Each structure stands twice: as structure tokens, then as C-alpha cells.
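A short worksheet on the structure shown next.
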Amino acid sequence: IAVATEPGVNSSSSELMYVCGKIENLLPKLAAQKIFPDIIISEWMGYALLYESMLPSVLSARDYPAFAEHNSVKQTPKMMPSRSVLFLEGASDDRLNFWNDVYGFQMSTLQHSLALEYASDAIVETVPSTAIVTDRVALLDMDLDTIQDVDLDLREISFVLTSRGGEGVKVRLDKLVVSFDIGFESGDENVEFSTGCQSTTTHWKQTTLWLDPMGTIAKANGMKSIDGDGNSNGTVDHHLSIETNKSEFQGRFTMKRNRLNPREMDFEILWEIVDTTIEHNEDNKRVLCDGCIRSKLGS
């Protein structure tokens with residue numbers, strides 16, 4: 001407020017009004033005072049874009065009936081940012097190996113409990129671009145001028161990740177990485193920024209969803225470990241891998257508000273590694289291995 005009211009920051013003919021409160025409660029008061037916005041600027045983004053569920057409140061302001069009725073062309077206020085895109089990519093991570101030799105001490109027994117923790121809780125962290133082993137694919141492209149609250153629960157969005165390695169190179173896949181890009185689009189002048197691993201780090205970092213590290217969950221369920229070549233070795237320790245032009249990682253991505261606390265996010269990703277050396281379709285394909293990620297992003 002102090003900066004906004006400094007001389008020269010705003011025209012002397014401009015009138016600034018600051019109000020404080022929950023937006024849903026302020027809307028009737030603003031309309032009663034015949035204050036009708038043309039643009040809504042809001043920093044609503046959370047981890048993995050939708051964490052904390054602040055966007056629905058902004059949409060309630062955008063769609064407030066009195067605002068559109070006041071507009072001569074019956075349009076809702078312009079949203080800024082105006083576009084957001086949610087992305088997914090795959091990464092490798094060997095952090096569990098740290099416990100094999102901790103300053104000369106063998107502490108690998110801790111790996112199993114940590115693996116369970118990684119597999120059940122989404123992690124907000126900075127992932128180096130060098131750890132990324134697949135392409136980065138868009139899961140959802142949101143036009144914030146038109147998207148509705150019901151669209152914010154993402155259900156079984158199909159995706160395919162392919163290796164970034166060279167021909168014949170296997171890449172190790174330990175976790176999925178969720179990030180987003182934001183766009184401010186207005187005529188010929190567009191401004192964008194990205195929270196992806198390949199861009200300057202932001203306070204949103206990235207959100208990671210671990211595959212079943214070391215087969216811990218598989219072992220607890222009496223299942224054998226299966227590697228990326230489709231071989232069952234009956235051991236606990238395994239790493240998934242995909243190979244350029246030979247296999248791909250595909251699945252269905254769900255991210256929705258937690259039923260008890262809508263500020264938190266529940267993830268479910270049904271995945272499989274598919275042999276791409278043979279022609280296949282959804283009903284006829286060679287699945288090398290498959291699984292499910294169920295993680296929660298919350299306090």
C-alpha cells in the first residue's frame with residue numbers, strides 16, 4: 001500500500017481503495033458499492049499448481065453475477081494470469097543408496113521405512129534438470145477465463161512418457177515430477193514463467209511422486225519384484241527402466257481435492273511400462289510391468 005500511494009506511482013486522478021477480507025464475503029459489498037472489476041489479478045497457485053485450493057475462490061469472483069451484468073457485453077472480468085499448464089515428467093533418484101554407507105556405517109535397514117514414506121507422501125523439492133530422464137508432457141491446459149470449479153479435480157488423464165536417452169540406452173525411472181507453467185496473455189504482449197526443472201527455481205519448486213522404491217510395497221503385498229524388461233527376479237531391490245524406441249511409460253493421472261480437507265491433494269497414478277517394439281493398441285499390448293502410485297500432498 002505504501003508503494004502504491006507514492007507520488008508518481010499512480011496518476012493523481014486515480015482513486016485507490018483497499019479492502020481486506022475473504023473474497024466470497026467481499027463480493028456482495030463491492031457490488032453494493034457499484035465496484036465492478038475489469039481484471040482480476042491473483043497469485044492463487046500452490047504446489048503442483050492446485051494445492052491449497054485457492055483457485056475456486058478466485059473463480060467465484062470471476063463468475064459473480066453482478067460483475068457480468070454490469071459489463072456492457074455481459075463478459076466476466078479478465079483473469080490474470082490467464083493460462084496455466086500442468087506438466088509431468090520422469091526422473092531418476094538414487095538417494096536411498098546413501099544409507100548403504102553412512103560415514104563407514106552400513107544402515108541399509110532404514111531404506112525400507114524411507115521407501116514406504118516416499119511412496120505414500122508427495123514431496124515438494126527442487127529436482128535438478130540433470131535428473132530428468134523422460135520428455136515433459138502436458139496433462140492439463142487451463143484457460144482461466146473459462147475453466148470451472150468441477151474441472152479442477154483431474155481424473156484419469158492419459159499420458160505417455162518416453163526416454164530422453166540415446167538409441168539403445170536404458171534410463172532408470174524412480175519418480176514422477178509435477179510442475180506447471182503460467183501465462184499472462186493480453187493481445188500481442190504475453191509474459192510467461194515456468195516452474196519446470198529446466199527453468200530458474202521458484203518457491204513452488206517441483207512436486208515428486210515416487211514409484212515403489214525397492215519394491216517395498218510389492219513385498220508387503222507378497223508380490224515379486226519385476227524389472228523394466230519384464231523379468232521377475234523374486235527379490236526386493238529393483239529399479240524400473242525404459243529404453244528409447246523399445247519401451248515407454250504410460251498411465252492415467254488423477255489429482256483431486258481431499259474429501260476431508262479440500263486444501264490437500266490426493267494423487268493416484270495407474271502406470272505401466274509397455275513394449276513398443278511390437279505394434280499394439282489399448283486392447284493388445286505387451287506390458288512389461290505395471291503398478292499404482294497413491295500419494296498425498298498435505299500438511
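Every chain in the C-alpha cells has a letter given in the order shown (A, B, ...), and although residue numbers restart at 1 in each chain, ligands are simply numbered from 1 in the order shown.
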Quick one: contact table of range 65-95 of chain A to range 158-166 of chain A, 9 Å max, nearest atom pair and distance in Å to one decimal per residue, counting only C-alpha atoms, chain and number order, as a Markdown table?
```
| residue | atom | partner | partner_atom | distance |
| --- | --- | --- | --- | --- |
| A:Leu88 | CA | A:Leu161 | CA | 8.4 |
| A:Glu89 | CA | A:Leu161 | CA | 6.9 |
| A:Gly90 | CA | A:Leu161 | CA | 7.3 |
```
- range 120-131 of chain A: which residues within 6 Å, counting only C-alpha atoms, same-chain residues fewer than 2 positions away excluded, as a list in words?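 That gives Ala91, Ser92, Glu117, Tyr118, Cys197, Gln198, Lys205, Gln206, Thr207, Thr208, Leu209, Ser295, Lys296 and Leu297 of chain A.
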Export of the given selection (C-alpha atoms) as a tab-separated table (two decimals), in the first residue's frame:
```tsv
chain	number	residue	atom	x	y	z
A	91	ALA	CA	13.33	-38.56	-13.09
A	92	SER	CA	15.97	-40.81	-11.55
A	117	GLU	CA	7.37	-42.87	3.23
A	118	TYR	CA	8.47	-41.75	-0.23
A	197	CYS	CA	13.18	-28.38	-13.67
A	198	GLN	CA	14.73	-26.78	-16.76
A	205	LYS	CA	9.87	-25.96	-6.68
A	206	GLN	CA	8.51	-29.28	-8.08
A	207	THR	CA	6.27	-31.97	-6.61
A	208	THR	CA	7.55	-35.53	-6.87
A	209	LEU	CA	5.61	-38.79	-6.77
A	295	SER	CA	0.27	-40.29	-2.65
A	296	LYS	CA	-0.98	-37.37	-0.64
A	297	LEU	CA	0.19	-33.76	-0.72
```
Proximity of range 53-151 of chain A to range 24-37 of chain A: per-residue shortest pair, 10 Å limit, only C-alpha atoms, as JSON lines:
```
{"residue": "A:Ser57", "atom": "CA", "partner": "A:Glu24", "partner_atom": "CA", "distance": 6.8}
{"residue": "A:Val58", "atom": "CA", "partner": "A:Glu24", "partner_atom": "CA", "distance": 8.8}
{"residue": "A:Ser60", "atom": "CA", "partner": "A:Glu24", "partner_atom": "CA", "distance": 7.1}
{"residue": "A:Ala61", "atom": "CA", "partner": "A:Leu27", "partner_atom": "CA", "distance": 6.8}
{"residue": "A:Arg62", "atom": "CA", "partner": "A:Pro37", "partner_atom": "CA", "distance": 9.0}
{"residue": "A:Tyr64", "atom": "CA", "partner": "A:Leu27", "partner_atom": "CA", "distance": 7.4}
{"residue": "A:Pro65", "atom": "CA", "partner": "A:Ala31", "partner_atom": "CA", "distance": 9.6}
{"residue": "A:Ala66", "atom": "CA", "partner": "A:Ala31", "partner_atom": "CA", "distance": 6.4}
{"residue": "A:Phe67", "atom": "CA", "partner": "A:Phe36", "partner_atom": "CA", "distance": 5.5}
{"residue": "A:Ala68", "atom": "CA", "partner": "A:Phe36", "partner_atom": "CA", "distance": 8.6}
{"residue": "A:Glu69", "atom": "CA", "partner": "A:Phe36", "partner_atom": "CA", "distance": 9.6}
{"residue": "A:His70", "atom": "CA", "partner": "A:Phe36", "partner_atom": "CA", "distance": 7.1}
{"residue": "A:Asn71", "atom": "CA", "partner": "A:Phe36", "partner_atom": "CA", "distance": 8.2}
{"residue": "A:Thr76", "atom": "CA", "partner": "A:Pro37", "partner_atom": "CA", "distance": 8.9}
{"residue": "A:Pro77", "atom": "CA", "partner": "A:Pro37", "partner_atom": "CA", "distance": 6.2}
{"residue": "A:Lys78", "atom": "CA", "partner": "A:Pro37", "partner_atom": "CA", "distance": 8.6}
```
- Any chance you could list, as an MDAnalysis selection string, the residues in range 50-246 of chain A that come up alpha helix (DSSP H) when DSSP is run on the backbone? chainID A and resid 55:62 65:70 110:120 216:220
Save the residues we just selected, N, CA and C atoms, as a PDB file, in the first residue's frame?
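Once everything was written out, this is again-v6.pdb:
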```
ATOM      1  N   LEU A  55      -7.779 -21.455  -6.073  1.00  0.00           N
ATOM      2  CA  LEU A  55      -8.374 -21.037  -7.339  1.00  0.00           C
ATOM      3  C   LEU A  55      -9.901 -20.976  -7.297  1.00  0.00           C
ATOM      4  N   PRO A  56     -10.608 -21.915  -6.643  1.00  0.00           N
ATOM      5  CA  PRO A  56     -12.077 -21.803  -6.614  1.00  0.00           C
ATOM      6  C   PRO A  56     -12.584 -20.467  -6.081  1.00  0.00           C
ATOM      7  N   SER A  57     -11.895 -19.883  -5.110  1.00  0.00           N
ATOM      8  CA  SER A  57     -12.312 -18.579  -4.589  1.00  0.00           C
ATOM      9  C   SER A  57     -12.173 -17.498  -5.652  1.00  0.00           C
ATOM     10  N   VAL A  58     -11.108 -17.568  -6.432  1.00  0.00           N
ATOM     11  CA  VAL A  58     -10.903 -16.589  -7.498  1.00  0.00           C
ATOM     12  C   VAL A  58     -11.961 -16.764  -8.591  1.00  0.00           C
ATOM     13  N   LEU A  59     -12.304 -18.013  -8.897  1.00  0.00           N
ATOM     14  CA  LEU A  59     -13.338 -18.266  -9.897  1.00  0.00           C
ATOM     15  C   LEU A  59     -14.698 -17.748  -9.432  1.00  0.00           C
ATOM     16  N   SER A  60     -14.940 -17.800  -8.123  1.00  0.00           N
ATOM     17  CA  SER A  60     -16.211 -17.279  -7.614  1.00  0.00           C
ATOM     18  C   SER A  60     -16.300 -15.774  -7.835  1.00  0.00           C
ATOM     19  N   ALA A  61     -15.159 -15.090  -7.761  1.00  0.00           N
ATOM     20  CA  ALA A  61     -15.146 -13.651  -8.050  1.00  0.00           C
ATOM     21  C   ALA A  61     -15.330 -13.406  -9.547  1.00  0.00           C
ATOM     22  N   ARG A  62     -14.654 -14.208 -10.363  1.00  0.00           N
ATOM     23  CA  ARG A  62     -14.791 -14.054 -11.820  1.00  0.00           C
ATOM     24  C   ARG A  62     -16.235 -14.224 -12.264  1.00  0.00           C
ATOM     25  N   PRO A  65     -22.331 -12.939 -10.481  1.00  0.00           N
ATOM     26  CA  PRO A  65     -23.330 -12.468 -11.462  1.00  0.00           C
ATOM     27  C   PRO A  65     -23.354 -10.954 -11.650  1.00  0.00           C
ATOM     28  N   ALA A  66     -23.220 -10.203 -10.575  1.00  0.00           N
ATOM     29  CA  ALA A  66     -23.322  -8.745 -10.690  1.00  0.00           C
ATOM     30  C   ALA A  66     -22.212  -8.167 -11.554  1.00  0.00           C
ATOM     31  N   PHE A  67     -21.030  -8.804 -11.575  1.00  0.00           N
ATOM     32  CA  PHE A  67     -19.929  -8.280 -12.370  1.00  0.00           C
ATOM     33  C   PHE A  67     -20.214  -8.418 -13.862  1.00  0.00           C
ATOM     34  N   ALA A  68     -20.699  -9.587 -14.263  1.00  0.00           N
ATOM     35  CA  ALA A  68     -21.007  -9.808 -15.676  1.00  0.00           C
ATOM     36  C   ALA A  68     -22.191  -8.959 -16.125  1.00  0.00           C
ATOM     37  N   GLU A  69     -23.176  -8.780 -15.260  1.00  0.00           N
ATOM     38  CA  GLU A  69     -24.356  -7.988 -15.614  1.00  0.00           C
ATOM     39  C   GLU A  69     -23.993  -6.532 -15.853  1.00  0.00           C
ATOM     40  N   HIS A  70     -23.007  -6.063 -15.105  1.00  0.00           N
ATOM     41  CA  HIS A  70     -22.597  -4.667 -15.258  1.00  0.00           C
ATOM     42  C   HIS A  70     -21.884  -4.436 -16.571  1.00  0.00           C
ATOM     43  N   LEU A 110      17.343 -48.895   7.089  1.00  0.00           N
ATOM     44  CA  LEU A 110      16.465 -47.722   7.078  1.00  0.00           C
ATOM     45  C   LEU A 110      15.813 -47.514   5.721  1.00  0.00           C
ATOM     46  N   GLN A 111      16.354 -48.143   4.702  1.00  0.00           N
ATOM     47  CA  GLN A 111      15.854 -47.903   3.356  1.00  0.00           C
ATOM     48  C   GLN A 111      14.385 -48.281   3.203  1.00  0.00           C
ATOM     49  N   HIS A 112      13.974 -49.349   3.854  1.00  0.00           N
ATOM     50  CA  HIS A 112      12.614 -49.846   3.670  1.00  0.00           C
ATOM     51  C   HIS A 112      11.572 -48.888   4.244  1.00  0.00           C
ATOM     52  N   SER A 113      11.827 -48.372   5.449  1.00  0.00           N
ATOM     53  CA  SER A 113      10.869 -47.435   6.039  1.00  0.00           C
ATOM     54  C   SER A 113      10.831 -46.132   5.248  1.00  0.00           C
ATOM     55  N   LEU A 114      11.981 -45.693   4.759  1.00  0.00           N
ATOM     56  CA  LEU A 114      12.020 -44.473   3.949  1.00  0.00           C
ATOM     57  C   LEU A 114      11.310 -44.686   2.619  1.00  0.00           C
ATOM     58  N   ALA A 115      11.482 -45.871   2.047  1.00  0.00           N
ATOM     59  CA  ALA A 115      10.828 -46.170   0.780  1.00  0.00           C
ATOM     60  C   ALA A 115       9.318 -46.104   0.917  1.00  0.00           C
ATOM     61  N   LEU A 116       8.790 -46.623   2.014  1.00  0.00           N
ATOM     62  CA  LEU A 116       7.344 -46.540   2.258  1.00  0.00           C
ATOM     63  C   LEU A 116       6.890 -45.090   2.389  1.00  0.00           C
ATOM     64  N   GLU A 117       7.709 -44.278   3.050  1.00  0.00           N
ATOM     65  CA  GLU A 117       7.370 -42.866   3.227  1.00  0.00           C
ATOM     66  C   GLU A 117       7.377 -42.137   1.893  1.00  0.00           C
ATOM     67  N   TYR A 118       8.400 -42.393   1.082  1.00  0.00           N
ATOM     68  CA  TYR A 118       8.473 -41.750  -0.232  1.00  0.00           C
ATOM     69  C   TYR A 118       7.289 -42.128  -1.112  1.00  0.00           C
ATOM     70  N   ALA A 119       6.867 -43.392  -1.017  1.00  0.00           N
ATOM     71  CA  ALA A 119       5.794 -43.879  -1.889  1.00  0.00           C
ATOM     72  C   ALA A 119       4.418 -43.377  -1.470  1.00  0.00           C
ATOM     73  N   SER A 120       4.262 -42.944  -0.225  1.00  0.00           N
ATOM     74  CA  SER A 120       2.931 -42.556   0.255  1.00  0.00           C
ATOM     75  C   SER A 120       2.725 -41.056   0.355  1.00  0.00           C
ATOM     76  N   THR A 216       9.223 -52.190  -1.998  1.00  0.00           N
ATOM     77  CA  THR A 216       8.828 -52.394  -0.608  1.00  0.00           C
ATOM     78  C   THR A 216       7.349 -52.716  -0.484  1.00  0.00           C
ATOM     79  N   ILE A 217       6.516 -51.968  -1.179  1.00  0.00           N
ATOM     80  CA  ILE A 217       5.076 -52.204  -1.101  1.00  0.00           C
ATOM     81  C   ILE A 217       4.728 -53.537  -1.762  1.00  0.00           C
ATOM     82  N   ALA A 218       5.415 -53.836  -2.867  1.00  0.00           N
ATOM     83  CA  ALA A 218       5.180 -55.116  -3.537  1.00  0.00           C
ATOM     84  C   ALA A 218       5.502 -56.280  -2.605  1.00  0.00           C
ATOM     85  N   LYS A 219       6.586 -56.146  -1.857  1.00  0.00           N
ATOM     86  CA  LYS A 219       6.963 -57.208  -0.940  1.00  0.00           C
ATOM     87  C   LYS A 219       5.935 -57.354   0.183  1.00  0.00           C
ATOM     88  N   ALA A 220       5.460 -56.218   0.696  1.00  0.00           N
ATOM     89  CA  ALA A 220       4.470 -56.253   1.772  1.00  0.00           C
ATOM     90  C   ALA A 220       3.193 -56.943   1.329  1.00  0.00           C
TER      91      ALA A 220
END
```
- Query: Interatomic distance between CA of Leu240 in chain A and CA of Arg155 in chain A?
  - Reply: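 Distance reported for this atom pair: 24.8 Å.
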- Task: Fewer than 3 positions away in the same chain doesn't count, so skip those; otherwise give me all residues within 6 Å of range 244-247 of chain A, counting only C-alpha atoms, as a PyMOL selection string.
- Result: chain A and resi 163+167+274-277
- Task: Give me every strand (DSSP E) residue in range 108-176 of chain A, going by DSSP on the backbone, as a PyMOL selection string.
- Result: chain A and resi 123-125+137-143+154-161+170-173+175-176
- Tell me, in Å to one decimal, how far CA of Met45 in chain A is from CA of Cys20 in chain A.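 These two atoms are separated by 19.8 Å.
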- Report the distance between CA of Ile132 in chain A and CA of Ser84 in chain A in Å, rounded to one decimal place.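 Spanning CA of Ile132 in chain A to CA of Ser84 in chain A is a straight-line distance of 21.7 Å.
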What lies within 7 Å of Ile269 in chain A using only C-alpha atoms, ignoring chain neighbours under 5 positions off, as a PDB file with N, CA, C and O atoms, in the first residue's frame?
```
ATOM      1  N   GLY A 251       0.253 -44.178 -18.600  1.00  0.00           N
ATOM      2  CA  GLY A 251      -0.669 -44.375 -17.497  1.00  0.00           C
ATOM      3  C   GLY A 251      -1.812 -43.390 -17.496  1.00  0.00           C
ATOM      4  O   GLY A 251      -2.058 -42.679 -18.473  1.00  0.00           O
ATOM      5  N   ARG A 252      -2.491 -43.345 -16.338  1.00  0.00           N
ATOM      6  CA  ARG A 252      -3.638 -42.446 -16.139  1.00  0.00           C
ATOM      7  C   ARG A 252      -3.427 -41.700 -14.828  1.00  0.00           C
ATOM      8  O   ARG A 252      -3.194 -42.311 -13.774  1.00  0.00           O
ATOM      9  N   PHE A 253      -3.523 -40.387 -14.901  1.00  0.00           N
ATOM     10  CA  PHE A 253      -3.154 -39.492 -13.799  1.00  0.00           C
ATOM     11  C   PHE A 253      -4.405 -38.892 -13.168  1.00  0.00           C
ATOM     12  O   PHE A 253      -5.235 -38.285 -13.847  1.00  0.00           O
ATOM     13  N   THR A 254      -4.528 -39.061 -11.854  1.00  0.00           N
ATOM     14  CA  THR A 254      -5.635 -38.467 -11.101  1.00  0.00           C
ATOM     15  C   THR A 254      -5.070 -37.601  -9.978  1.00  0.00           C
ATOM     16  O   THR A 254      -4.197 -38.038  -9.228  1.00  0.00           O
ATOM     17  N   CYS A 292       0.843 -48.895  -9.313  1.00  0.00           N
ATOM     18  CA  CYS A 292      -0.034 -47.776  -8.942  1.00  0.00           C
ATOM     19  C   CYS A 292       0.661 -46.907  -7.897  1.00  0.00           C
ATOM     20  O   CYS A 292       1.253 -47.429  -6.944  1.00  0.00           O
ATOM     21  N   ILE A 293       0.616 -45.608  -8.091  1.00  0.00           N
ATOM     22  CA  ILE A 293       1.098 -44.650  -7.105  1.00  0.00           C
ATOM     23  C   ILE A 293      -0.119 -44.053  -6.395  1.00  0.00           C
ATOM     24  O   ILE A 293      -1.043 -43.574  -7.044  1.00  0.00           O
ATOM     25  N   ARG A 294      -0.115 -44.092  -5.086  1.00  0.00           N
ATOM     26  CA  ARG A 294      -1.131 -43.399  -4.306  1.00  0.00           C
ATOM     27  C   ARG A 294      -0.412 -42.527  -3.289  1.00  0.00           C
ATOM     28  O   ARG A 294       0.189 -43.036  -2.331  1.00  0.00           O
TER      29      ARG A 294
END
```
